[in-house]
Structures are given as structure tokens and as C-alpha cells.
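S.K.: Have a look at the structure that comes next, please.
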Amino acid sequence: MDAEEFKASVLVHSVRMWRMAVTLLHDPEDANDAVQDAVARLWQRRDSLENAVNIQAYCITSVKRVAIDMLRARQSQPTSPLDQYGMEHEPQPGYDESQRLDDSESLGVVKMLLSRLPHDQQTVMRLSAFNGCSNDEIRQITGFSADNVRTLLSRARRRLKELFKAYQSCQKTVV
């Protein structure tokens with residue numbers, strides 16, 4: 001496989017590779033490093049790529065393994081899983097300051113409650129809500145079946161709704 005074929009078959013998947021790395025590493029800069037390392041490894045194995053049935057899945061798996069290696073190397077959990085995405089809620093124009101504060105507080109609460117979900121539910125919710133991935137993309141990234149992705153998303157949404165309602169009812173009794 002020459003450089004042009006490599007670009008056409010591997011580098012087109014770099015955005016999905018980055019999404020997977022961010023999901024696992026919770027840091028965009030580390031995700032960039034993981035993608036670069038994975039692409040370098042893929043370049044070294046470019047001759048075996050011609051035999052791959054699904055190059056996209058091969059690329060995603062490669063970056064996933066690099067990210068896992070990076071996690072093992074640093075031996076620590078992220079302190080704030082969603083804040084490091086840099087995803088801040090942008091309210092619509094016309095909101096007054098009190099609405100902006102309410103929305104900001106609600107988003108912070110949802111992020112905190114999301115961390116209470118099981119790991120698989122957290123992963124699919126992050127991919128869906130914060131990375132904008134479709135169920136099919138989530139299936140390819142995580143390796144879960146299509147039914148499992150739908151089930152995990154449904155359970156995560158339901159549980160978040162329950163936790164949020166419980167949080168709000170506790171806040172009303174305190175005030």
C-alpha cells in the first residue's frame with residue numbers, strides 16, 4: 001500500500017478515531033496524540049491493511065488500543081469526565097442572565113449525575129449527547145451490538161431523568 005492509498009483508506013477515519021480517543025481519554029490533546037500514534041502504527045502495518053475486511057473498524061480498534069495503553073501508563077482516573085471536553089452549553093440569544101445561570105447549573109448537575117451511571121451507559125451517553133454520534137457510529141466505536149446501544153442509551157436517559165428529578169426535589173426542600 002502506497003501513501004496515497006493509505007491516505008484514502010485510513011486518514012479518512014481520523015475524526016472517528018479522535019472521537020473514540022476523546023471518549024476514552026477525556027482529553028482532546030491526549031486524543032490527538034493517540035490518533036497520531038495509531039496512524040503511525042497503522043503506517044508500519046500498511047501491508048497487512050490490504051487484507052482487512054473493515055478498515056474503519058481496524059482503525060478504531062487501533063486507536064482504542066493506543067488510548068488504553070495511555071490510560072494504563074498514567075494509572076489514574078479523570079477528575080472531571082465531561083468538563084475536559086470543552087463543551088459548554090451555549091444558550092440561545094435572548095436569554096436573560098438568570099436563565100443562563102439556571103441552564104449552566106442544570107448542565108453542571110447533569111454532568112455530575114452522568115458520572116453516577118455505569119461505565120457503559122456513561123460512554124454511550126457521552127458519544128451520543130456530547131460528540132453527536134449516531135447509534136451506528138456508537139456501535140462501531142464501542143463494539144456493542146445495535147440493540148445493546150439502544151438499550152444502554154434508553155436506560156441511561158431514564159436513569160438521568162430519575163436522578164435529575166430526585167436532585168430537583170431535594171433542592172426544593174432545602175430552599
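Residue numbers start at 1 in each chain; chains themselves are named A, B, ... in the order of the C-alpha cells; ligands are numbered from 1 in the order shown.
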So that I can check the surroundings of A:Asn131, please list as a list in words every protein, DNA and RNA residue that reaches within 9 Å of it, counting only C-alpha atoms and ignoring chain neighbours fewer than 3 positions away.
M.R.: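 Close residues of A:Asn131: Arg19, Thr23, Arg126, Leu127 and Ser128 of chain A.
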S.K.: Applying 12 Å and only C-alpha atoms, which residues near A:Asn148 remain after dropping the ones on its own chain fewer than 4 positions away? List them as a list in words.
M.R.: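 Non-adjacent residues within range: Asp120, Gln121, Val124, Asn135, Asp136, Ile138, Arg139, Gln140, Thr142, Gly143, Phe144, Leu152, Leu153, Ser154, Arg155 and Ala156 of chain A.
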S.K.: Have a look at A:Val10, A:Leu163, A:Leu71, A:Val22 and name the one nearest to A:Ala57; count only C-alpha atoms.
M.R.: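 Smallest separation from A:Ala57 among the options: A:Val10.
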S.K.: Just to confirm, what's the straight-line distance from atom CA of A:Lys64 to atom CA of A:Ile141 in Å (one decimal)?
M.R.: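 Calculated distance between atom CA of A:Lys64 and atom CA of A:Ile141 is 8.5 Å.
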S.K.: Would you return as a VMD selection string the members of stretch 5-165 of chain A that DSSP assigns to helix (DSSP H, G or I) on this structure's backbone?
M.R.: chain A and resid 5 to 9 11 to 25 28 to 44 46 to 49 55 to 74 83 to 85 97 to 114 119 to 130 135 to 142 146 to 165
S.K.: Find the residues around A:Glu5 up to 10 Å (only C-alpha atoms counted), leave out those fewer than 5 positions away in its own chain, and share them as a list in words.
M.R.: Val10, Leu11, Arg46 and Glu50 of chain A
S.K.: Could you take the residues named above and write them with C-alpha atoms, as a short mmCIF file (atom, residue, chain, number, x, y, z; two decimals), in the first residue's frame?
M.R.:
```
data_model
loop_
_atom_site.label_atom_id
_atom_site.label_comp_id
_atom_site.auth_asym_id
_atom_site.auth_seq_id
_atom_site.Cartn_x
_atom_site.Cartn_y
_atom_site.Cartn_z
CA VAL A 10 -7.00 5.26 6.76
CA LEU A 11 -6.84 9.02 7.20
CA ARG A 46 0.17 -0.85 5.99
CA GLU A 50 -4.93 -4.65 2.46
#
```
S.K.: Which distance in Å separates atom CA of A:Leu113 and atom CA of A:Thr61, to one decimal?
M.R.: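 A separation of 29.0 Å between them.
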S.K.: Just how far from atom CA of A:Phe6 is atom CA of A:Arg41, in Å to one decimal?
M.R.: 12.2 Å
S.K.: Considering only C-alpha atoms, can you say which of A:Val15, A:Leu42, A:Ile60, A:Val35 comes closest to A:Met1?
M.R.: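 Checking each of A:Val15, A:Leu42, A:Ile60, A:Val35 against A:Met1, counting only C-alpha atoms, the winner is A:Leu42.
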